[in-house]
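Shown next, in structure tokens, is the structure this report addresses.
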Amino acid sequence: MRSALLAASALAPAFSVHAQSSLTIYGIVDQGLTKATSGTTPAGMLPGRAPNDDWNVKAGNTSRLGFRGEEDLGGGNYTRFQIETRFATDTGALSNANVFWLGRSVLAIGSKDWGEIYSGREYSAAYTVALNTDPTLWSYVSQTGSTYTYANYLPVAATVEASNIRWSNTIGYKSPALGAVSFELATGLGEGTRQRSTSANVQYKDGPVWLGAAYDGLDNRTNLKLIAGGYDFGVVRPTASYSRAKGGLNGDATSFTVSALVPLSFGRTYVSYGNLRPATHLNSKMVGAGIQYDLSKRTLLYTNVGSAKQVGQSRTTAFDLGIKHTF
């Protein structure tokens, strides 16, 4: 009896910790069909399209598998982690053969009152603001994406950093909501392979009003600055952004976008416009529109069209349709 009591006493803390912890397995499985016309406007000016003009089986929103967990440390304090891989549903191949946890791999400790310190592979603080200006969330052929919301900013080659919107070896801080204001600061340590990166954002959210400003950069010669905002009228949520890129592999450029998201009884519809003005004067303009039909809380059907034209080139138009399941 005494041995049993001692064993139960030893196990009690473990059960207590387990009861205060959570683990979530989540993901997206997306499968679509897309085709683009044979216009000469480069594929990069219509960021959601397939790389060729033939019929393609392609996800509108990249498929992924992720794990996130959080432990309550008491007193409003917590630790959390999140790891996420990306893959192509049509082939089963990883989106990047060299980086398994391409989406993110983060460990953090935080407080509801004092904010959070995190470390690992994480999105740039600038991406959070940019993403909120695109009603597709950088998905489908109708997206404004990095070309127009990021001013085609590409700080380093993909062989150095696997994504222009994430930084490896990051250490960052996310503030709690200070009234209607929050902010984030982060640095990505180069560790001998590239320059140290810096990113930051500040956001204002008060009811239907949202405003944001952000920065991502390596130094005074290579950086991105952007401002954005939106207002939710209930029947429609318009957003707009302005970005200025300096340096990097794609050079100097400015861009702006305007978009509108309309909720419907069966889903939602959206329209977007993007305008890119690089230093080369090879300006590009795009328009996109799409509609989503919700079959359930987790499964939806989508179809989109996007069209772009660069100065001196013929127009390229693409469409897609598909099904997406989230879990």
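Chain labels run A, B, ... following the order of the structure tokens; each chain numbers its residues from 1, and ligands are numbered from 1 in the order shown.
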
Note to self: Taking 6 positions as the minimum chain separation for residues in the same chain, which residues sit within 10 Å of region 57-65 of chain A when counting only C-alpha atoms? Answer as a ChimeraX atom specification.
What the structure shows: /A:25-35,48-50,83-92,94-95,101-103,136-143,302-304,320-327

- 9 Å contact set for Asp219 (chain A), only C-alpha atoms, chain neighbours under 3 positions out, as a VMD selection string: chain A and resid 195 to 198 222 to 223

Generate a file of the selected residues that holds N, CA, C and O atoms, formatted as a PDB file, in the first residue's frame.
```
ATOM      1  N   GLN A 195      23.876  38.211 -44.377  1.00  0.00           N
ATOM      2  CA  GLN A 195      23.808  39.309 -43.429  1.00  0.00           C
ATOM      3  C   GLN A 195      22.682  39.087 -42.422  1.00  0.00           C
ATOM      4  O   GLN A 195      21.713  38.381 -42.702  1.00  0.00           O
ATOM      5  N   ARG A 196      22.822  39.707 -41.275  1.00  0.00           N
ATOM      6  CA  ARG A 196      21.760  39.654 -40.279  1.00  0.00           C
ATOM      7  C   ARG A 196      20.552  40.442 -40.788  1.00  0.00           C
ATOM      8  O   ARG A 196      20.690  41.529 -41.339  1.00  0.00           O
ATOM      9  N   SER A 197      19.370  39.874 -40.615  1.00  0.00           N
ATOM     10  CA  SER A 197      18.140  40.543 -41.052  1.00  0.00           C
ATOM     11  C   SER A 197      17.424  41.166 -39.857  1.00  0.00           C
ATOM     12  O   SER A 197      17.581  40.719 -38.722  1.00  0.00           O
ATOM     13  N   THR A 198      16.634  42.191 -40.144  1.00  0.00           N
ATOM     14  CA  THR A 198      15.813  42.841 -39.130  1.00  0.00           C
ATOM     15  C   THR A 198      14.410  43.020 -39.687  1.00  0.00           C
ATOM     16  O   THR A 198      14.243  43.388 -40.853  1.00  0.00           O
ATOM     17  N   THR A 222      19.434  47.321 -48.745  1.00  0.00           N
ATOM     18  CA  THR A 222      18.507  46.234 -49.056  1.00  0.00           C
ATOM     19  C   THR A 222      17.429  46.178 -47.984  1.00  0.00           C
ATOM     20  O   THR A 222      17.674  45.712 -46.863  1.00  0.00           O
ATOM     21  N   ASN A 223      16.228  46.660 -48.320  1.00  0.00           N
ATOM     22  CA  ASN A 223      15.150  46.669 -47.328  1.00  0.00           C
ATOM     23  C   ASN A 223      13.793  46.885 -47.987  1.00  0.00           C
ATOM     24  O   ASN A 223      13.702  47.256 -49.163  1.00  0.00           O
TER      25      ASN A 223
END
```

Check: Near Gly247 (chain A), within 9 Å and counting only C-alpha atoms, which residues show up once chain neighbours fewer than 6 positions away are dropped, as a ChimeraX atom specification?
Finding: /A:153-155,220-224,253

Counting only C-alpha atoms, closest pick from A:Ile227, A:Leu46, A:Ala157, A:Leu264 relative to Met286 (chain A) is A:Leu46

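Look at Asn52 (chain A): the protein and nucleic acid residues within 9 Å of it, using only C-alpha atoms and passing over chain neighbours fewer than 4 places away, are Lys35, Ala36, Ser38, Ala43 and Asn56 of chain A.
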
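Taking only C-alpha atoms into account, Arg194 (chain A) lies nearest to A:Leu218 out of the set A:Ser146, A:Ser22, A:Ala130, A:Leu218.
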
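Distance-wise, CA of Gly44 (chain A) and CA of Thr128 (chain A) end up 21.3 Å apart.
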
Please identify the helix (DSSP H, G or I) residues within region 92-199 of chain A (assignment by DSSP from backbone atoms) and present them as a VMD selection string. chain A and resid 125 to 131 145 to 149

- Query: What residues in region 95-203 of chain A get the DSSP label strand (DSSP E or B)? Please answer as a ChimeraX atom specification.
  - Reply: /A:104-111,115-123,166-174,178,181-188,197-203

I want to know what sits within 9 Å of Gln203 (chain A), based on only C-alpha atoms, with residues of the same chain fewer than 5 positions away left out; could you give that as a PDB file with all heavy atoms, in the first residue's frame?
```
ATOM      1  N   VAL A 129       1.798  42.007 -41.790  1.00  0.00           N
ATOM      2  CA  VAL A 129       1.051  43.167 -42.289  1.00  0.00           C
ATOM      3  C   VAL A 129       0.681  42.973 -43.754  1.00  0.00           C
ATOM      4  O   VAL A 129      -0.455  43.221 -44.172  1.00  0.00           O
ATOM      5  CB  VAL A 129       1.865  44.454 -42.100  1.00  0.00           C
ATOM      6  CG1 VAL A 129       1.151  45.657 -42.725  1.00  0.00           C
ATOM      7  CG2 VAL A 129       2.104  44.706 -40.614  1.00  0.00           C
ATOM      8  N   ALA A 180      -5.275  49.342 -28.361  1.00  0.00           N
ATOM      9  CA  ALA A 180      -5.517  48.946 -29.748  1.00  0.00           C
ATOM     10  C   ALA A 180      -4.229  48.707 -30.525  1.00  0.00           C
ATOM     11  O   ALA A 180      -4.274  48.368 -31.699  1.00  0.00           O
ATOM     12  CB  ALA A 180      -6.342  50.028 -30.452  1.00  0.00           C
ATOM     13  N   VAL A 181      -3.080  48.866 -29.857  1.00  0.00           N
ATOM     14  CA  VAL A 181      -1.787  48.809 -30.542  1.00  0.00           C
ATOM     15  C   VAL A 181      -1.006  47.558 -30.139  1.00  0.00           C
ATOM     16  O   VAL A 181      -1.023  47.149 -28.978  1.00  0.00           O
ATOM     17  CB  VAL A 181      -0.947  50.069 -30.223  1.00  0.00           C
ATOM     18  CG1 VAL A 181       0.429  49.992 -30.889  1.00  0.00           C
ATOM     19  CG2 VAL A 181      -1.681  51.331 -30.683  1.00  0.00           C
ATOM     20  N   SER A 182      -0.310  46.952 -31.090  1.00  0.00           N
ATOM     21  CA  SER A 182       0.631  45.865 -30.825  1.00  0.00           C
ATOM     22  C   SER A 182       1.829  46.045 -31.744  1.00  0.00           C
ATOM     23  O   SER A 182       1.746  46.731 -32.769  1.00  0.00           O
ATOM     24  CB  SER A 182      -0.023  44.501 -31.059  1.00  0.00           C
ATOM     25  OG  SER A 182      -0.370  44.347 -32.424  1.00  0.00           O
ATOM     26  N   PHE A 183       2.946  45.422 -31.381  1.00  0.00           N
ATOM     27  CA  PHE A 183       4.123  45.522 -32.229  1.00  0.00           C
ATOM     28  C   PHE A 183       4.953  44.254 -32.127  1.00  0.00           C
ATOM     29  O   PHE A 183       4.779  43.443 -31.212  1.00  0.00           O
ATOM     30  CB  PHE A 183       4.971  46.748 -31.865  1.00  0.00           C
ATOM     31  CG  PHE A 183       5.596  46.693 -30.494  1.00  0.00           C
ATOM     32  CD1 PHE A 183       6.864  46.146 -30.302  1.00  0.00           C
ATOM     33  CD2 PHE A 183       4.922  47.190 -29.389  1.00  0.00           C
ATOM     34  CE1 PHE A 183       7.439  46.088 -29.041  1.00  0.00           C
ATOM     35  CE2 PHE A 183       5.492  47.144 -28.113  1.00  0.00           C
ATOM     36  CZ  PHE A 183       6.755  46.593 -27.949  1.00  0.00           C
ATOM     37  N   GLU A 184       5.861  44.093 -33.083  1.00  0.00           N
ATOM     38  CA  GLU A 184       6.751  42.937 -33.133  1.00  0.00           C
ATOM     39  C   GLU A 184       8.117  43.375 -33.631  1.00  0.00           C
ATOM     40  O   GLU A 184       8.215  44.180 -34.562  1.00  0.00           O
ATOM     41  CB  GLU A 184       6.176  41.855 -34.053  1.00  0.00           C
ATOM     42  CG  GLU A 184       7.034  40.605 -34.166  1.00  0.00           C
ATOM     43  CD  GLU A 184       6.423  39.542 -35.055  1.00  0.00           C
ATOM     44  OE1 GLU A 184       5.279  39.729 -35.523  1.00  0.00           O
ATOM     45  OE2 GLU A 184       7.107  38.518 -35.292  1.00  0.00           O
ATOM     46  N   TRP A 210      -8.323  48.756 -39.078  1.00  0.00           N
ATOM     47  CA  TRP A 210      -7.023  48.105 -38.990  1.00  0.00           C
ATOM     48  C   TRP A 210      -6.003  48.933 -39.764  1.00  0.00           C
ATOM     49  O   TRP A 210      -6.226  49.307 -40.920  1.00  0.00           O
ATOM     50  CB  TRP A 210      -7.059  46.695 -39.568  1.00  0.00           C
ATOM     51  CG  TRP A 210      -5.686  46.110 -39.737  1.00  0.00           C
ATOM     52  CD1 TRP A 210      -4.852  45.689 -38.743  1.00  0.00           C
ATOM     53  CD2 TRP A 210      -4.957  45.940 -40.959  1.00  0.00           C
ATOM     54  NE1 TRP A 210      -3.657  45.254 -39.270  1.00  0.00           N
ATOM     55  CE2 TRP A 210      -3.691  45.398 -40.624  1.00  0.00           C
ATOM     56  CE3 TRP A 210      -5.260  46.198 -42.291  1.00  0.00           C
ATOM     57  CZ2 TRP A 210      -2.735  45.101 -41.594  1.00  0.00           C
ATOM     58  CZ3 TRP A 210      -4.302  45.900 -43.260  1.00  0.00           C
ATOM     59  CH2 TRP A 210      -3.058  45.350 -42.901  1.00  0.00           C
ATOM     60  N   LEU A 211      -4.871  49.238 -39.126  1.00  0.00           N
ATOM     61  CA  LEU A 211      -3.765  49.946 -39.751  1.00  0.00           C
ATOM     62  C   LEU A 211      -2.475  49.217 -39.417  1.00  0.00           C
ATOM     63  O   LEU A 211      -2.334  48.670 -38.316  1.00  0.00           O
ATOM     64  CB  LEU A 211      -3.678  51.392 -39.258  1.00  0.00           C
ATOM     65  CG  LEU A 211      -4.892  52.290 -39.498  1.00  0.00           C
ATOM     66  CD1 LEU A 211      -4.725  53.609 -38.754  1.00  0.00           C
ATOM     67  CD2 LEU A 211      -5.080  52.540 -40.994  1.00  0.00           C
ATOM     68  N   GLY A 212      -1.533  49.212 -40.343  1.00  0.00           N
ATOM     69  CA  GLY A 212      -0.276  48.538 -40.088  1.00  0.00           C
ATOM     70  C   GLY A 212       0.878  49.183 -40.829  1.00  0.00           C
ATOM     71  O   GLY A 212       0.701  49.754 -41.916  1.00  0.00           O
ATOM     72  N   ALA A 213       2.063  49.114 -40.244  1.00  0.00           N
ATOM     73  CA  ALA A 213       3.297  49.563 -40.887  1.00  0.00           C
ATOM     74  C   ALA A 213       4.366  48.529 -40.571  1.00  0.00           C
ATOM     75  O   ALA A 213       4.374  47.951 -39.477  1.00  0.00           O
ATOM     76  CB  ALA A 213       3.711  50.941 -40.390  1.00  0.00           C
ATOM     77  N   ALA A 214       5.283  48.297 -41.520  1.00  0.00           N
ATOM     78  CA  ALA A 214       6.260  47.229 -41.318  1.00  0.00           C
ATOM     79  C   ALA A 214       7.558  47.514 -42.053  1.00  0.00           C
ATOM     80  O   ALA A 214       7.598  48.325 -42.997  1.00  0.00           O
ATOM     81  CB  ALA A 214       5.686  45.897 -41.782  1.00  0.00           C
TER      82      ALA A 214
END
```

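Checking A:Thr316, A:Ser265, A:Val311, A:Thr159 one by one against Tyr293 (chain A), counting only C-alpha atoms, you find the shortest gap at A:Ser265.
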
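Neighbours of Leu189 (chain A) closer than or equal to 12 Å, with only C-alpha atoms counted and sequence neighbours fewer than 2 positions away skipped, come out as A:Ser119, A:Gly120, A:Arg121, A:Glu161, A:Trp167, A:Ser168, A:Asn169, A:Thr170, A:Ile171, A:Gly172, A:Ala186, A:Thr187, A:Glu191, A:Gly192, A:Thr193, A:Arg194, A:Gln195, A:Arg196, A:Ser197, A:Thr198, A:Ser199, A:Leu218.
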
Saved selection, atoms kept: C-alpha atoms, as a PDB file, in the first residue's frame:
```
ATOM      1  CA  SER A 119      13.229  31.729 -31.586  1.00  0.00           C
ATOM      2  CA  GLY A 120      13.555  29.572 -34.708  1.00  0.00           C
ATOM      3  CA  ARG A 121      12.357  29.745 -38.304  1.00  0.00           C
ATOM      4  CA  GLU A 161      17.238  31.509 -47.537  1.00  0.00           C
ATOM      5  CA  TRP A 167      13.970  34.011 -41.763  1.00  0.00           C
ATOM      6  CA  SER A 168      15.859  31.131 -40.176  1.00  0.00           C
ATOM      7  CA  ASN A 169      17.764  31.584 -36.908  1.00  0.00           C
ATOM      8  CA  THR A 170      15.341  34.271 -35.774  1.00  0.00           C
ATOM      9  CA  ILE A 171      14.997  35.744 -32.293  1.00  0.00           C
ATOM     10  CA  GLY A 172      11.962  37.957 -31.846  1.00  0.00           C
ATOM     11  CA  ALA A 186      12.827  40.340 -34.768  1.00  0.00           C
ATOM     12  CA  THR A 187      16.325  39.673 -36.014  1.00  0.00           C
ATOM     13  CA  GLU A 191      25.453  32.771 -38.808  1.00  0.00           C
ATOM     14  CA  GLY A 192      28.065  33.195 -41.527  1.00  0.00           C
ATOM     15  CA  THR A 193      25.770  32.458 -44.493  1.00  0.00           C
ATOM     16  CA  ARG A 194      24.195  35.903 -45.014  1.00  0.00           C
ATOM     17  CA  GLN A 195      23.808  39.309 -43.429  1.00  0.00           C
ATOM     18  CA  ARG A 196      21.760  39.654 -40.279  1.00  0.00           C
ATOM     19  CA  SER A 197      18.140  40.543 -41.052  1.00  0.00           C
ATOM     20  CA  THR A 198      15.813  42.841 -39.130  1.00  0.00           C
ATOM     21  CA  SER A 199      12.036  42.999 -39.286  1.00  0.00           C
ATOM     22  CA  LEU A 218      19.447  43.604 -44.262  1.00  0.00           C
TER      23      LEU A 218
END
```

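Using only C-alpha atoms, the shortest contact distance between Gly290 (chain A) and any of A:Ala93, A:Ala308, A:Val99, A:Val271 is found at A:Val271.
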
Across A:Asn201, A:Ser272, A:Ser314, A:Asn164, the smallest distance to Asn250 (chain A), with only C-alpha atoms counted, is shown by A:Asn164

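Taking CA of Gly234 (chain A) and CA of Arg268 (chain A) as the two end points, the separation is 12.2 Å.
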